[in-house]
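structure.txt (compact mmCIF, C-alpha atoms) appears below.
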```txt
# COMPACT_ATOMS: atom_id res chain seq x y z
CA MET X 1 52.30 115.90 100.79
CA LEU X 2 55.90 114.74 101.08
CA GLY X 3 54.96 111.41 99.52
CA PHE X 4 53.40 113.25 96.58
CA LEU X 5 56.56 115.33 96.11
CA GLN X 6 58.71 112.21 96.27
CA GLY X 7 56.63 110.46 93.62
CA PHE X 8 56.57 113.64 91.52
CA ALA X 9 60.38 113.81 91.67
CA TYR X 10 60.70 110.17 90.50
CA GLY X 11 58.26 110.68 87.62
CA LEU X 12 59.90 113.95 86.56
CA PHE X 13 63.36 112.40 86.60
CA ILE X 14 62.24 109.43 84.51
CA THR X 15 60.84 111.71 81.77
CA CYS X 16 64.12 113.59 81.29
CA LEU X 17 65.63 111.04 78.90
CA PRO X 18 62.58 110.65 76.60
CA TRP X 19 62.09 114.41 76.34
CA PHE X 20 65.79 114.86 75.71
CA LEU X 21 65.65 112.46 72.77
CA ILE X 22 62.53 114.15 71.41
CA GLY X 23 64.22 117.54 71.75
CA MET X 24 67.34 116.42 69.93
CA ILE X 25 65.19 115.28 67.01
CA SER X 26 62.90 118.34 67.02
CA PRO X 27 63.68 121.05 69.59
CA GLY X 28 60.32 122.74 69.02
CA LEU X 29 58.45 119.74 70.46
CA ALA X 30 60.37 119.63 73.74
CA LEU X 31 60.74 123.35 74.38
CA GLY X 32 58.27 126.18 74.85
CA THR X 33 60.71 128.92 73.87
CA LEU X 34 60.15 131.02 70.75
CA MET X 35 63.54 130.15 69.25
CA PRO X 36 64.26 126.55 70.37
CA ASP X 37 67.60 124.91 69.67
CA ARG X 38 69.41 121.76 70.78
CA LEU X 39 71.64 123.59 73.25
CA GLN X 40 68.55 124.63 75.18
CA VAL X 41 67.39 120.99 75.13
CA VAL X 42 70.69 119.86 76.65
CA ILE X 43 70.60 122.54 79.35
CA ARG X 44 66.99 121.88 80.27
CA TYR X 45 66.81 118.07 80.26
CA TRP X 46 70.36 117.31 81.39
CA LEU X 47 70.77 120.06 83.98
CA THR X 48 67.68 122.07 84.93
CA VAL X 49 64.94 119.43 85.14
CA PRO X 50 67.15 116.76 86.82
CA PHE X 51 68.29 119.38 89.34
CA VAL X 52 64.68 120.28 90.16
CA ALA X 53 63.75 116.61 90.48
CA MET X 54 66.75 115.93 92.77
CA LEU X 55 65.88 118.97 94.90
CA LEU X 56 62.26 117.84 95.29
CA TRP X 57 63.35 114.27 96.13
CA MET X 58 65.83 115.42 98.80
CA THR X 59 63.21 117.73 100.30
CA SER X 60 60.62 114.94 100.47
CA LEU X 61 62.97 112.61 102.39
CA TRP X 62 62.08 114.39 105.63
CA GLY X 63 58.89 112.36 105.67
CA GLY X 64 60.66 109.08 104.99
CA PHE X 65 60.58 106.92 101.91
CA GLY X 66 57.04 106.59 100.53
CA PRO X 67 56.39 107.93 97.03
CA SER X 68 52.72 108.13 96.10
CA LEU X 69 51.24 106.87 92.85
CA LEU X 70 49.45 110.17 92.24
CA GLY X 71 52.70 112.10 92.55
CA TRP X 72 54.48 109.67 90.25
CA LEU X 73 51.79 110.05 87.56
CA ALA X 74 51.87 113.86 87.96
CA GLY X 75 55.64 113.83 87.48
CA LEU X 76 55.32 111.75 84.30
CA GLY X 77 52.93 114.28 82.75
CA ALA X 78 54.51 117.45 84.14
CA VAL X 79 56.70 118.23 81.15
CA ALA X 80 53.93 117.40 78.64
CA VAL X 81 51.68 119.93 80.38
CA ALA X 82 54.35 122.54 81.10
CA VAL X 83 55.69 122.85 77.53
CA PRO X 84 52.38 123.98 75.90
CA ILE X 85 51.66 126.30 78.84
CA GLU X 86 55.13 127.82 78.56
CA ARG X 87 54.69 128.24 74.81
CA ARG X 88 51.38 130.05 75.29
CA ILE X 89 52.77 132.30 78.01
CA ARG X 90 55.84 133.21 75.95
CA GLY X 91 53.67 133.85 72.89
CA TRP X 92 51.38 136.11 74.93
CA LEU X 93 54.35 137.99 76.33
CA MET X 94 55.83 138.38 72.86
CA LYS X 95 52.55 139.69 71.45
CA ARG X 96 52.28 142.08 74.38
CA LYS X 97 55.82 143.29 73.75
CA GLN X 98 55.05 143.64 70.05
CA ARG X 99 51.92 145.69 70.79
CA ARG X 100 53.89 147.96 73.09
CA LEU X 101 56.58 148.35 70.44
CA GLU X 102 54.01 149.17 67.77
CA ALA X 103 52.36 151.69 70.12
CA GLN X 104 55.73 153.31 70.77
CA LEU X 105 56.52 153.37 67.06
CA ASN X 106 53.14 154.89 66.25
CA ALA X 107 53.61 157.50 68.97
CA GLU X 108 57.11 158.24 67.68
CA LYS X 109 55.80 158.48 64.13
CA ALA X 110 53.06 160.88 65.22
CA ARG X 111 55.61 162.94 67.15
CA ARG X 112 57.87 163.14 64.12
CA GLN X 113 55.00 164.14 61.87
CA GLN X 114 54.06 166.87 64.32
CA GLN X 115 57.69 167.94 64.53
CA GLN X 116 57.94 168.02 60.75
CA ALA X 117 54.82 170.17 60.57
CA GLN X 118 56.27 172.53 63.16
CA GLU X 119 59.58 172.62 61.34
CA ALA X 120 57.82 173.32 58.05
CA SER X 121 55.91 176.21 59.60
CA GLU X 122 59.01 177.42 61.43
CA LYS X 123 61.15 177.16 58.34
CA GLY X 124 59.18 179.74 56.40
CA GLY X 125 61.31 182.05 54.30
CA ALA X 126 63.53 180.65 51.58
CA THR X 127 64.10 177.05 50.62
CA LEU X 128 67.42 175.82 49.35
CA ASP X 129 67.60 174.21 45.93
CA PRO X 130 70.72 172.00 45.93
CA GLN X 131 70.82 171.99 42.12
CA HIS X 132 70.60 175.78 41.88
CA PRO X 133 72.26 177.50 44.86
CA PRO X 134 71.66 181.26 45.33
CA MET X 135 73.74 183.58 43.19
CA ASN X 136 75.45 185.19 46.18
CA ALA X 137 76.02 181.90 48.02
CA ASP X 138 79.06 181.78 50.28
CA ASP X 139 80.84 178.72 51.68
CA VAL X 140 78.23 178.14 54.38
CA ILE X 141 75.29 178.21 51.97
CA ARG X 142 77.03 175.95 49.47
CA ALA X 143 77.84 173.48 52.23
CA LEU X 144 74.19 173.47 53.31
CA CYS X 145 73.12 172.80 49.72
CA THR X 146 75.49 169.83 49.49
CA ALA X 147 74.30 168.39 52.81
CA LYS X 148 70.64 168.76 51.82
CA GLU X 149 71.31 167.06 48.49
CA ARG X 150 72.90 164.08 50.26
CA LEU X 151 69.97 163.74 52.66
CA ILE X 152 67.46 163.82 49.81
CA ALA X 153 69.51 161.21 47.94
CA VAL X 154 69.14 158.74 50.85
CA SER X 155 65.37 159.35 51.15
CA GLN X 156 65.49 161.52 54.27
CA PRO X 157 63.48 164.63 53.33
CA GLN X 158 62.38 165.16 56.94
CA LEU X 159 66.03 165.59 57.92
CA ALA X 160 66.80 167.76 54.88
CA VAL X 161 64.37 170.35 56.29
CA GLN X 162 67.01 171.22 58.89
CA ALA X 163 69.26 172.52 56.11
CA ASP X 164 66.54 175.01 55.11
CA ARG X 165 66.05 176.07 58.72
CA LEU X 166 69.79 176.59 59.19
CA TYR X 167 69.89 178.57 55.94
CA ASN X 168 67.15 180.95 57.09
CA ARG X 169 68.75 181.38 60.53
CA TYR X 170 72.09 182.11 58.89
CA LEU X 171 70.53 184.76 56.63
CA ARG X 172 68.74 186.35 59.58
CA VAL X 173 71.84 186.54 61.78
CA THR X 174 73.96 187.86 58.90
CA LYS X 175 71.38 190.57 58.19
CA VAL X 176 71.30 191.62 61.85
CA LEU X 177 75.10 191.80 61.93
CA GLN X 178 75.16 193.97 58.82
CA GLU X 179 72.59 196.32 60.36
CA ARG X 180 74.35 196.62 63.71
CA PHE X 181 78.00 196.75 62.62
CA ASP X 182 80.03 198.18 59.82
CA THR X 183 81.48 195.46 57.58
CA SER X 184 84.96 196.87 58.13
CA GLU X 185 84.75 196.55 61.92
CA LEU X 186 86.60 193.80 63.73
CA ALA X 187 83.47 192.93 65.74
CA PHE X 188 81.58 192.19 62.50
CA GLU X 189 84.26 189.82 61.21
CA ARG X 190 84.59 188.09 64.57
CA SER X 191 80.83 187.61 64.94
CA ARG X 192 80.40 186.36 61.40
CA THR X 193 83.26 183.89 61.83
CA LEU X 194 81.64 182.44 64.96
CA VAL X 195 78.27 182.16 63.22
CA SER X 196 79.92 180.40 60.29
CA GLU X 197 81.65 177.92 62.61
CA VAL X 198 78.31 177.03 64.23
CA CYS X 199 76.76 176.49 60.80
CA PHE X 200 79.69 174.38 59.60
CA ALA X 201 79.37 172.19 62.71
CA ALA X 202 75.68 171.70 61.90
CA VAL X 203 76.62 170.85 58.29
CA ASP X 204 78.98 168.17 59.60
CA ASN X 205 76.07 166.70 61.55
CA LEU X 206 73.87 166.72 58.46
CA THR X 207 76.61 165.00 56.45
CA SER X 208 77.01 162.35 59.14
CA MET X 209 73.23 161.85 59.19
CA ALA X 210 73.25 161.28 55.43
CA ALA X 211 76.10 158.76 55.72
CA GLN X 212 74.33 156.77 58.45
CA ALA X 213 70.96 156.91 56.71
CA SER X 214 72.52 155.53 53.52
CA GLY X 215 73.25 152.28 55.36
CA ILE X 216 69.54 151.60 55.98
CA ALA X 217 68.17 153.23 52.83
CA GLY X 218 67.03 149.88 51.41
CA VAL X 219 65.59 148.45 54.63
CA ASP X 220 61.81 148.51 55.03
CA GLY X 221 61.16 148.61 58.76
CA ASP X 222 57.38 148.14 58.44
CA PHE X 223 57.88 145.02 56.32
CA VAL X 224 60.29 143.52 58.87
CA ARG X 225 57.90 144.18 61.76
CA ARG X 226 54.96 142.68 59.87
CA ARG X 227 56.87 139.49 59.13
CA LEU X 228 58.04 139.14 62.72
CA SER X 229 54.53 139.65 64.10
CA ARG X 230 52.56 137.56 61.58
CA GLU X 231 54.96 134.83 60.47
CA ARG X 232 57.11 134.37 63.58
CA ASN X 233 56.17 130.73 64.11
CA SER X 234 56.64 129.76 60.46
CA LEU X 235 60.03 131.44 60.03
CA SER X 236 63.23 129.45 60.29
CA LEU X 237 65.67 130.15 63.09
CA THR X 238 68.18 131.80 60.76
CA GLU X 239 65.62 133.98 58.99
CA ARG X 240 64.07 135.09 62.26
CA ALA X 241 67.45 136.04 63.71
CA THR X 242 68.27 137.95 60.51
CA LEU X 243 65.03 139.93 60.63
CA GLU X 244 65.50 140.77 64.31
CA ARG X 245 69.07 141.91 63.64
CA ARG X 246 67.81 144.09 60.79
CA LEU X 247 65.23 145.65 63.08
CA THR X 248 67.93 146.28 65.69
CA LEU X 249 70.08 148.06 63.11
CA LEU X 250 67.15 150.27 62.17
CA THR X 251 66.53 151.19 65.80
CA GLU X 252 70.18 151.94 66.56
CA THR X 253 70.60 154.05 63.41
CA GLN X 254 67.45 156.02 64.18
CA GLN X 255 68.76 156.74 67.68
CA HIS X 256 72.00 158.11 66.20
CA LEU X 257 70.03 160.25 63.76
CA ASP X 258 67.93 161.63 66.61
CA GLU X 259 71.09 162.51 68.57
CA LEU X 260 72.58 164.39 65.60
CA SER X 261 69.26 166.11 64.97
CA ALA X 262 69.20 167.27 68.60
CA ARG X 263 72.67 168.78 68.16
CA ASN X 264 71.43 170.75 65.17
CA GLU X 265 68.48 171.99 67.22
CA ALA X 266 71.00 173.33 69.72
CA ALA X 267 72.81 175.10 66.86
CA LEU X 268 69.52 176.63 65.69
CA THR X 269 68.85 177.88 69.22
CA ALA X 270 72.34 179.40 69.38
CA LEU X 271 71.72 181.25 66.10
CA ASP X 272 68.38 182.53 67.41
CA ASP X 273 70.07 183.76 70.58
CA ALA X 274 72.73 185.50 68.52
CA ALA X 275 70.12 187.23 66.34
CA VAL X 276 68.10 188.44 69.34
CA THR X 277 71.17 189.59 71.26
CA MET X 278 72.68 191.43 68.31
CA ALA X 279 69.35 193.09 67.53
CA ARG X 280 69.33 194.60 71.03
CA ILE X 281 72.69 196.27 70.55
CA GLU X 282 72.41 199.99 69.79
CA THR X 283 75.38 200.98 67.70
CA GLY X 284 73.86 203.99 65.91
CA ARG X 285 74.06 207.55 67.22
CA PRO X 286 70.80 208.73 68.85
CA GLN X 287 68.87 211.45 66.99
CA ALA X 288 67.53 213.16 70.10
CA SER X 289 69.77 215.32 72.28
CA ILE X 290 67.98 214.15 75.47
CA ASP X 291 66.33 210.88 76.40
CA ALA X 292 62.61 210.18 75.95
CA ASP X 293 61.66 210.50 79.65
CA GLN X 294 63.25 213.91 79.97
CA ALA X 295 61.56 215.08 76.77
CA LEU X 296 58.15 213.96 78.07
CA ARG X 297 58.66 215.75 81.39
CA ASP X 298 59.69 218.96 79.67
CA LEU X 299 56.70 218.82 77.34
CA SER X 300 54.26 218.27 80.24
CA HIS X 301 55.80 221.15 82.15
CA PHE X 302 55.43 223.41 79.13
CA VAL X 303 51.77 222.49 78.66
CA GLU X 304 51.01 223.21 82.31
CA ARG X 305 52.52 226.69 82.02
CA ALA X 306 51.13 227.41 78.55
CA GLU X 307 48.29 229.53 80.01
CA ARG X 308 50.81 232.17 81.14
CA TYR X 309 51.60 232.92 77.52
CA GLY X 310 48.02 233.84 76.77
CA ARG X 311 47.20 237.55 76.29
CA PRO X 312 44.32 239.13 78.25
CA ARG X 313 41.47 240.48 76.16
```
Take the structure in the file and write it out as structure tokens.
Amino acid sequence: MLGFLQGFAYGLFITCLPWFLIGMISPGLALGTLMPDRLQVVIRYWLTVPFVAMLLWMTSLWGGFGPSLLGWLAGLGAVAVAVPIERRIRGWLMKRKQRRLEAQLNAEKARRQQQQAQEASEKGGATLDPQHPPMNADDVIRALCTAKERLIAVSQPQLAVQADRLYNRYLRVTKVLQERFDTSELAFERSRTLVSEVCFAAVDNLTSMAAQASGIAGVDGDFVRRRLSRERNSLSLTERATLERRLTLLTETQQHLDELSARNEAALTALDDAAVTMARIETGRPQASIDADQALRDLSHFVERAERYGRPR
């Protein structure tokens, strides 16, 4: 066994120079990586493979000097066999990664479609028309119209739906405040100011979403993924790196959009909480002089004693 390793080390070391020259001429022939370059050739055939051969040779010296012919022949053909195997393994791993990525993208797409359907059903009520704002529109409503118009301009209608949802929440909370407080009260002004600040913060998020989405408005993510999956081996190194960078930009931008969208969901929840809490407040004067429980007890007591008021025949 040690003689085989010693011969293998000699054969592997001898092949370093020929494979190095082949790699410098055409890196794809000497490397099994998906994006071969000459720097990888230098690292592999001047450092990695000679180090492995030296390590095997020093290990085999425990059995004395006696390299075997079979080991020497195996060392000569090791690189020629390893490169195609490595290329196949890396290609399989890349396809597996691509399948997982496509599955994740499809799942994310389905989730967004479901979310859009839920948002559409949740939105209900009125829909903002950026070109024709409502007649009684205040600063909040006009800001929502502007933000929605910017999102539609950058081809993000699924994000523009949030402007409609915020608009309906704002109308609902404002209506509840008008029903529970007098417009001249300090509590009404304070509550309305806080609601407006929450809406303006959400508008800032929508505006930021429109600005970030404008940067990738002309990038077709499906086209980039198809080219990387179908034409990976035929693409040049520069074009492949460019496509991968474009895909990375799409992913990073989408993550930022999701974060801003989550902040707006928190604002919508805060507006819902405000509407429910304000609706529970009883600011009007009660019509009854006693509470309902006392009135029910008095009525039951009267019915029980009603027979005493009957006249004997």
What does the distance between CA of Leu73 in chain X and CA of Arg38 in chain X come to in Å, to one decimal place?
27.0 Å
Do a neighbour search on Phe181 in chain X at 10 Å with all atoms listed in the file, toss out local chain neighbours closer than 2 positions, and write the hits as a list of chain:residue names.
X:Val176, X:Leu177, X:Gln178, X:Glu179, X:Thr183, X:Ser184, X:Glu185, X:Leu186, X:Ala187, X:Phe188, X:Glu189, X:Ser191, X:Met278, X:Ile281, X:Glu282, X:Thr283, X:Gly284
Emit the selected residues as a PDB file, in the coordinates of the input, including C-alpha atoms.
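Result file is result38.pdb:
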```pdb
ATOM      1  CA  VAL X 176      71.300 191.620  61.850  1.00  0.00           C
ATOM      2  CA  LEU X 177      75.100 191.800  61.930  1.00  0.00           C
ATOM      3  CA  GLN X 178      75.160 193.970  58.820  1.00  0.00           C
ATOM      4  CA  GLU X 179      72.590 196.320  60.360  1.00  0.00           C
ATOM      5  CA  THR X 183      81.480 195.460  57.580  1.00  0.00           C
ATOM      6  CA  SER X 184      84.960 196.870  58.130  1.00  0.00           C
ATOM      7  CA  GLU X 185      84.750 196.550  61.920  1.00  0.00           C
ATOM      8  CA  LEU X 186      86.600 193.800  63.730  1.00  0.00           C
ATOM      9  CA  ALA X 187      83.470 192.930  65.740  1.00  0.00           C
ATOM     10  CA  PHE X 188      81.580 192.190  62.500  1.00  0.00           C
ATOM     11  CA  GLU X 189      84.260 189.820  61.210  1.00  0.00           C
ATOM     12  CA  SER X 191      80.830 187.610  64.940  1.00  0.00           C
ATOM     13  CA  MET X 278      72.680 191.430  68.310  1.00  0.00           C
ATOM     14  CA  ILE X 281      72.690 196.270  70.550  1.00  0.00           C
ATOM     15  CA  GLU X 282      72.410 199.990  69.790  1.00  0.00           C
ATOM     16  CA  THR X 283      75.380 200.980  67.700  1.00  0.00           C
ATOM     17  CA  GLY X 284      73.860 203.990  65.910  1.00  0.00           C
TER      18      GLY X 284
END
```
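Proximity to Trp46 in chain X was assessed for X:Thr242, X:Asn168, X:Thr15, X:Thr207 counting only C-alpha atoms; the smallest distance is recorded for X:Thr15.
Computed from the coordinates, the CA of Ala267 in chain X to CA of Pro130 in chain X distance equals 21.3 Å.
With only C-alpha atoms as the atoms that count, the residue of X:Leu257, X:Leu166, X:Val173, X:Leu247 with the shortest distance to Ala210 in chain X is X:Leu257.
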Mind pulling up the distance from CA of Glu149 in chain X to CA of Leu250 in chain X?
22.1 Å
Using all atoms listed in the file, find the one residue out of X:Gln255, X:Ser261, X:Thr269, X:Gln294 that sits nearest to Val161 in chain X.
X:Ser261
Among the residues X:Leu271, X:Ala103, X:Val276, X:Leu12, the one that comes closest to Gly71 in chain X [using only C-alpha atoms]:
X:Leu12
Just want the 10 Å neighbourhood of Gly28 in chain X, counted on all atoms listed in the file, with same-chain residues fewer than 3 positions away dropped. Output as a VMD selection string.
chain X and resid 22 to 25 31 to 38 41 83 87
